[in-house]
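Down below is the structure, laid out as structure tokens.
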Amino acid sequence: MIKSVLWANMLDYPGHVSTSLFFDGCNMDCEFCQNKLLAKEKTIDFDTEILPKLLERKEMVEYVVLSGGECTIAKECQRVIDVLHRNGFKIGLHTNGYYPEFLEKNISKISYIGMDIKNSFENYDDISGVEIDVEKIKKSIDIIINNLKDYEFRTTVYPKYIDTEDCEQIAKYLGEKNAKIYVLQQYKMVNGVNVIPFSKEKLENIRDLCNKYVKTNLRGIKD
Ligand code: SF4
């Protein structure tokens with residue numbers, strides 16, 4: 001269900017004006033998740049509260065980005081994609097990459113995907129809080145690289161479970177796949193989680209290391 005809308009921003013599809021729709025629910029259970037509180041929000045009806053306003057603003061909004069939670073598990077997500085596509089909107093998607101079948105089915109309707117890679121493949125379960133079949137993550141990476149011009153892979157560097165070697169392994173894997181871009185995001189402290197983010201300097205060092213394999217940027221850095 002859609003629980004929040006950000007009508008105009010340039011972050012969710014970097015460099016483009018987009019409206020973002022946030023669906024609640026996720027198959028993973030990351031400790032540092034900022035979006036778990038979405039479940040408590042009131043549902044916003046797509047047909048009556050969102051679509052009419054999007055149509056009114058069509059000239060101003062380049063993209064509609066579906067985010068979450070993990071939007072691909074939301075019942076309504078497929079229909080929202082179909083309706084947006086039918087109405088000529090360009091669509092972006094944020095995902096944790098666990099549903100490659102969904103991506104494969106919809107990739108022709110999607111212009112941009114931002115996909116989280118939570119950790120190096122051998123350490124995935126700790127950070128996601130559930131048992132993960134990393135082959136699904138790898139399949140999604142392939143689908144994205146092989147079908148889209150615009151995408152990013154990103155990792156929130158959560159110091160409790162991720163260190164330099166993990167980011168380096170991810171960057172190496174992406175480099176071997178000829179991925180265009182990898183983004184390291186600084187973890188932001190959330191209530192009830194007593195983990196200190198890595199410093200700007202440490203993240204810059206990790207970035208420099210990753211840059212040997214794949215173009216790597218930093219995002220959301222505070223000293
Ligand atoms: S995958 Fe994203 S939305 Fe899901 S629990 Fe982790 S941080 Fe939250």
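To be explicit about the labels: the chains of the structure tokens are called A, B, and onward in the order shown, and within each one the residues are counted from 1, while ligands get numbers from 1 in the order they are shown.
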Kindly work out which residues sit at most 9 Å from ligand 1, using only C-alpha atoms and all ligand atoms, and give the list as a list in words.
Asp24, Gly25, Cys26, Asn27, Met28, Asp29, Cys30, Glu31, Phe32, Cys33, Gln34, Asn35, Lys36, Ser67, Gly68, Gly69, Glu70, Cys71, Thr95, Asn96, Gly97, Asp116, Lys118, Ile127, Ser128, Gly129 and Thr156 of chain A
Need the shell around Asn9 (chain A): protein/DNA/RNA residues with any atom at most 6 Å away, counting only C-alpha atoms. Skip same-chain ones fewer than 2 positions apart. Format as a list in words?
Leu11, Val17 and Ser18 of chain A
Give me the residues within 10 Å of Glu204 (chain A) as a list in words, counting only C-alpha atoms and dropping any in the same chain fewer than 3 places off.
Leu184, Phe198, Ser199, Lys200, Glu201, Arg207, Asp208, Leu209, Cys210, Asn217, Leu218 and Ile221 of chain A
Which of region 8-106 of chain A counts as strand (DSSP E) under DSSP, as a list in words please?
Ala8, Asn9, Ser18, Thr19, Ser20, Leu21, Phe22, Phe23, Tyr63, Val64, Val65, Leu66, Ser67, Lys90, Ile91, Gly92, Leu93, His94 and Thr95 of chain A
Using only C-alpha atoms, which residues sit within 10 Å of His16 (chain A) once same-chain residues fewer than 6 positions away are excluded, as number ranges by chain?
A: 8-10, 61-63
Convert the current residue selection to file output with N, CA and C atoms, as a compact mmCIF listing (two decimals), in the first residue's frame.
```txt
# COMPACT_ATOMS: atom_id res chain seq x y z
N ALA A 8 7.82 16.34 -5.28
CA ALA A 8 8.90 16.77 -6.18
C ALA A 8 10.23 16.69 -5.45
N ASN A 9 11.17 15.96 -6.02
CA ASN A 9 12.52 15.91 -5.45
C ASN A 9 13.49 15.52 -6.54
N MET A 10 14.77 15.77 -6.27
CA MET A 10 15.79 15.42 -7.27
C MET A 10 16.74 14.36 -6.74
N VAL A 61 6.65 16.94 -13.98
CA VAL A 61 7.27 15.76 -13.35
C VAL A 61 7.85 14.86 -14.42
N GLU A 62 9.17 14.70 -14.39
CA GLU A 62 9.81 13.86 -15.41
C GLU A 62 9.57 12.37 -15.13
N TYR A 63 9.63 12.01 -13.86
CA TYR A 63 9.57 10.59 -13.50
C TYR A 63 8.70 10.37 -12.28
```
Env of Asn146 (chain A): 12 Å cut, atoms = only C-alpha atoms, seq-sep filter 5 positions within chain, self excluded. Answer as a PyMOL selection string.
chain A and resi 103-104+107-108+139-141+151+177-180
At a cut-off of 8 Å, using only C-alpha atoms, what residues contact region 162-175 of chain A? Leave out same-chain residues fewer than 3 positions from it and give the result as a count of residues only.
17
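Closest approach to Phe23 (chain A) among A:Lys90, A:Lys3, A:Lys42, A:Arg57: A:Lys3, based on only C-alpha atoms.
Nearest-residue note for Leu148 (chain A): choosing from A:Pro100, A:Val183, A:Ser111, A:Asp125, the minimum distance belongs to A:Ser111, counting only C-alpha atoms.
When the distance limit is 9 Å and only C-alpha atoms are what count, the residues near Ile81 (chain A), minus those fewer than 2 positions from it on the same chain, are Leu66, Glu76, Cys77, Gln78, Arg79, Val83, Leu84, His85, Arg86, Ile91, Asn106, Lys109 and Ile110 of chain A.
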Using N, CA and C atoms, can you export the residues from the last selection as an mmCIF file, in the first residue's frame?
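And here's result_33.cif as it stands now:
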```cif
data_model
loop_
_atom_site.group_PDB
_atom_site.id
_atom_site.type_symbol
_atom_site.label_atom_id
_atom_site.label_comp_id
_atom_site.auth_asym_id
_atom_site.auth_seq_id
_atom_site.Cartn_x
_atom_site.Cartn_y
_atom_site.Cartn_z
ATOM 1 N N LEU A 66 8.952 4.559 -7.803
ATOM 2 C CA LEU A 66 8.288 3.689 -6.832
ATOM 3 C C LEU A 66 9.341 3.211 -5.847
ATOM 4 N N GLU A 76 -0.229 -3.828 -4.970
ATOM 5 C CA GLU A 76 -0.678 -2.770 -5.871
ATOM 6 C C GLU A 76 0.394 -2.350 -6.892
ATOM 7 N N CYS A 77 1.622 -2.763 -6.652
ATOM 8 C CA CYS A 77 2.737 -2.211 -7.428
ATOM 9 C C CYS A 77 2.590 -2.474 -8.929
ATOM 10 N N GLN A 78 2.222 -3.716 -9.279
ATOM 11 C CA GLN A 78 2.108 -4.052 -10.708
ATOM 12 C C GLN A 78 1.067 -3.162 -11.392
ATOM 13 N N ARG A 79 -0.060 -2.995 -10.723
ATOM 14 C CA ARG A 79 -1.125 -2.183 -11.333
ATOM 15 C C ARG A 79 -0.685 -0.718 -11.452
ATOM 16 N N VAL A 83 -0.615 1.368 -14.901
ATOM 17 C CA VAL A 83 -1.400 2.601 -15.094
ATOM 18 C C VAL A 83 -0.472 3.767 -15.452
ATOM 19 N N LEU A 84 0.640 3.875 -14.753
ATOM 20 C CA LEU A 84 1.577 4.973 -15.049
ATOM 21 C C LEU A 84 2.115 4.842 -16.477
ATOM 22 N N HIS A 85 2.450 3.636 -16.848
ATOM 23 C CA HIS A 85 2.993 3.391 -18.192
ATOM 24 C C HIS A 85 1.947 3.754 -19.263
ATOM 25 N N ARG A 86 0.732 3.303 -19.026
ATOM 26 C CA ARG A 86 -0.364 3.594 -19.980
ATOM 27 C C ARG A 86 -0.588 5.093 -20.119
ATOM 28 N N ILE A 91 9.042 5.807 -15.548
ATOM 29 C CA ILE A 91 8.981 5.158 -14.230
ATOM 30 C C ILE A 91 10.371 4.817 -13.721
ATOM 31 N N ASN A 106 8.894 -6.384 -15.877
ATOM 32 C CA ASN A 106 8.546 -4.961 -16.005
ATOM 33 C C ASN A 106 9.641 -4.081 -16.593
ATOM 34 N N LYS A 109 9.127 -1.309 -19.085
ATOM 35 C CA LYS A 109 8.307 -0.145 -18.702
ATOM 36 C C LYS A 109 9.080 0.793 -17.774
ATOM 37 N N ILE A 110 10.284 0.394 -17.400
ATOM 38 C CA ILE A 110 11.032 1.137 -16.382
ATOM 39 C C ILE A 110 12.248 1.818 -17.009
#
```
Please, which residues of region 65-144 of chain A, numbered as in this document, come out helix (DSSP H, G or I) from DSSP, as a PyMOL selection string?
chain A and resi 71-73+77-86+100-109+121-128+134-144
Only N, CA and C atoms, please: the residues just picked out, written as a compact mmCIF listing (two decimals), in the first residue's frame.
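What ended up in again.txt:
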```txt
# COMPACT_ATOMS: atom_id res chain seq x y z
N CYS A 71 9.01 -2.06 -2.77
CA CYS A 71 7.75 -1.83 -3.49
C CYS A 71 7.33 -3.03 -4.33
N THR A 72 8.29 -3.84 -4.77
CA THR A 72 7.92 -4.92 -5.70
C THR A 72 7.10 -6.01 -5.03
N ILE A 73 7.07 -6.05 -3.69
CA ILE A 73 6.23 -7.07 -3.04
C ILE A 73 4.83 -6.55 -2.75
N CYS A 77 1.62 -2.76 -6.65
CA CYS A 77 2.74 -2.21 -7.43
C CYS A 77 2.59 -2.47 -8.93
N GLN A 78 2.22 -3.72 -9.28
CA GLN A 78 2.11 -4.05 -10.71
C GLN A 78 1.07 -3.16 -11.39
N ARG A 79 -0.06 -2.99 -10.72
CA ARG A 79 -1.12 -2.18 -11.33
C ARG A 79 -0.68 -0.72 -11.45
N VAL A 80 0.00 -0.22 -10.44
CA VAL A 80 0.48 1.17 -10.49
C VAL A 80 1.45 1.35 -11.65
N ILE A 81 2.34 0.41 -11.85
CA ILE A 81 3.27 0.49 -12.99
C ILE A 81 2.49 0.51 -14.30
N ASP A 82 1.52 -0.39 -14.42
CA ASP A 82 0.76 -0.48 -15.67
C ASP A 82 -0.01 0.81 -15.94
N VAL A 83 -0.62 1.37 -14.90
CA VAL A 83 -1.40 2.60 -15.09
C VAL A 83 -0.47 3.77 -15.45
N LEU A 84 0.64 3.87 -14.75
CA LEU A 84 1.58 4.97 -15.05
C LEU A 84 2.11 4.84 -16.48
N HIS A 85 2.45 3.64 -16.85
CA HIS A 85 2.99 3.39 -18.19
C HIS A 85 1.95 3.75 -19.26
N ARG A 86 0.73 3.30 -19.03
CA ARG A 86 -0.36 3.59 -19.98
C ARG A 86 -0.59 5.09 -20.12
N PRO A 100 13.94 -10.84 -9.00
CA PRO A 100 14.35 -10.66 -10.40
C PRO A 100 13.22 -10.93 -11.39
N GLU A 101 12.29 -11.83 -11.03
CA GLU A 101 11.18 -12.12 -11.96
C GLU A 101 10.34 -10.87 -12.18
N PHE A 102 10.14 -10.12 -11.10
CA PHE A 102 9.36 -8.89 -11.21
C PHE A 102 10.10 -7.88 -12.10
N LEU A 103 11.39 -7.78 -11.91
CA LEU A 103 12.17 -6.84 -12.72
C LEU A 103 12.13 -7.25 -14.19
N GLU A 104 12.31 -8.54 -14.43
CA GLU A 104 12.33 -9.05 -15.81
C GLU A 104 11.00 -8.73 -16.51
N LYS A 105 9.93 -8.97 -15.78
CA LYS A 105 8.59 -8.76 -16.36
C LYS A 105 8.34 -7.27 -16.68
N ASN A 106 8.89 -6.38 -15.88
CA ASN A 106 8.55 -4.96 -16.00
C ASN A 106 9.64 -4.08 -16.59
N ILE A 107 10.77 -4.67 -16.90
CA ILE A 107 11.93 -3.84 -17.24
C ILE A 107 11.68 -2.94 -18.46
N SER A 108 10.83 -3.39 -19.37
CA SER A 108 10.59 -2.57 -20.58
C SER A 108 9.76 -1.32 -20.25
N LYS A 109 9.13 -1.31 -19.09
CA LYS A 109 8.31 -0.14 -18.70
C LYS A 109 9.08 0.79 -17.77
N PHE A 121 28.56 -10.79 -0.81
CA PHE A 121 27.61 -11.90 -0.90
C PHE A 121 27.73 -12.88 0.27
N GLU A 122 28.94 -13.06 0.80
CA GLU A 122 29.06 -14.02 1.92
C GLU A 122 28.53 -13.46 3.25
N ASN A 123 28.35 -12.16 3.32
CA ASN A 123 27.86 -11.57 4.59
C ASN A 123 26.46 -10.97 4.48
N TYR A 124 25.71 -11.41 3.50
CA TYR A 124 24.43 -10.77 3.22
C TYR A 124 23.39 -10.96 4.33
N ASP A 125 23.33 -12.16 4.90
CA ASP A 125 22.24 -12.48 5.83
C ASP A 125 22.27 -11.64 7.10
N ASP A 126 23.49 -11.33 7.59
CA ASP A 126 23.58 -10.56 8.83
C ASP A 126 22.88 -9.22 8.67
N ILE A 127 23.22 -8.56 7.61
CA ILE A 127 22.72 -7.18 7.47
C ILE A 127 21.25 -7.14 7.07
N SER A 128 20.81 -8.12 6.30
CA SER A 128 19.41 -8.09 5.84
C SER A 128 18.47 -8.66 6.91
N VAL A 134 21.59 -15.32 -2.56
CA VAL A 134 22.28 -14.24 -3.27
C VAL A 134 22.21 -14.40 -4.79
N GLU A 135 21.85 -15.61 -5.25
CA GLU A 135 21.71 -15.79 -6.70
C GLU A 135 20.61 -14.87 -7.25
N LYS A 136 19.61 -14.61 -6.43
CA LYS A 136 18.54 -13.70 -6.87
C LYS A 136 19.06 -12.27 -7.02
N ILE A 137 19.91 -11.90 -6.08
CA ILE A 137 20.52 -10.56 -6.13
C ILE A 137 21.38 -10.45 -7.40
N LYS A 138 22.15 -11.49 -7.66
CA LYS A 138 23.03 -11.47 -8.84
C LYS A 138 22.20 -11.40 -10.13
N LYS A 139 21.09 -12.14 -10.14
CA LYS A 139 20.25 -12.14 -11.34
C LYS A 139 19.67 -10.74 -11.59
N SER A 140 19.26 -10.08 -10.52
CA SER A 140 18.73 -8.72 -10.69
C SER A 140 19.81 -7.77 -11.20
N ILE A 141 21.02 -7.93 -10.70
CA ILE A 141 22.13 -7.08 -11.19
C ILE A 141 22.28 -7.27 -12.71
N ASP A 142 22.25 -8.51 -13.16
CA ASP A 142 22.39 -8.77 -14.60
C ASP A 142 21.24 -8.15 -15.40
N ILE A 143 20.03 -8.31 -14.91
CA ILE A 143 18.86 -7.77 -15.64
C ILE A 143 19.01 -6.26 -15.79
N ILE A 144 19.41 -5.61 -14.72
CA ILE A 144 19.53 -4.14 -14.75
C ILE A 144 20.63 -3.71 -15.72
```
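Minimum atom-to-atom distances from A:Asp12, A:Met1, A:Leu37, A:Pro197 to Ala74 (chain A) were compared using only C-alpha atoms, and the lowest value belongs to A:Met1.
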Just give me the gap between CA of Val195 (chain A) and CA of Leu38 (chain A) in Å, one decimal is fine.
22.3 Å
Nearest-residue call for Gly220 (chain A), choices A:Tyr98, A:Phe22, A:Tyr187, A:Phe153, using only C-alpha atoms:
A:Tyr187
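Distances to His94 (chain A) were evaluated for A:Val65, A:Lys212, A:Arg219, A:Lys202 using only C-alpha atoms, and the minimum falls at A:Val65.
Comparing A:Val64, A:Ile181, A:Leu51, A:Met189 by their smallest distance to Lys222 (chain A), the closest is A:Met189 (using only C-alpha atoms).
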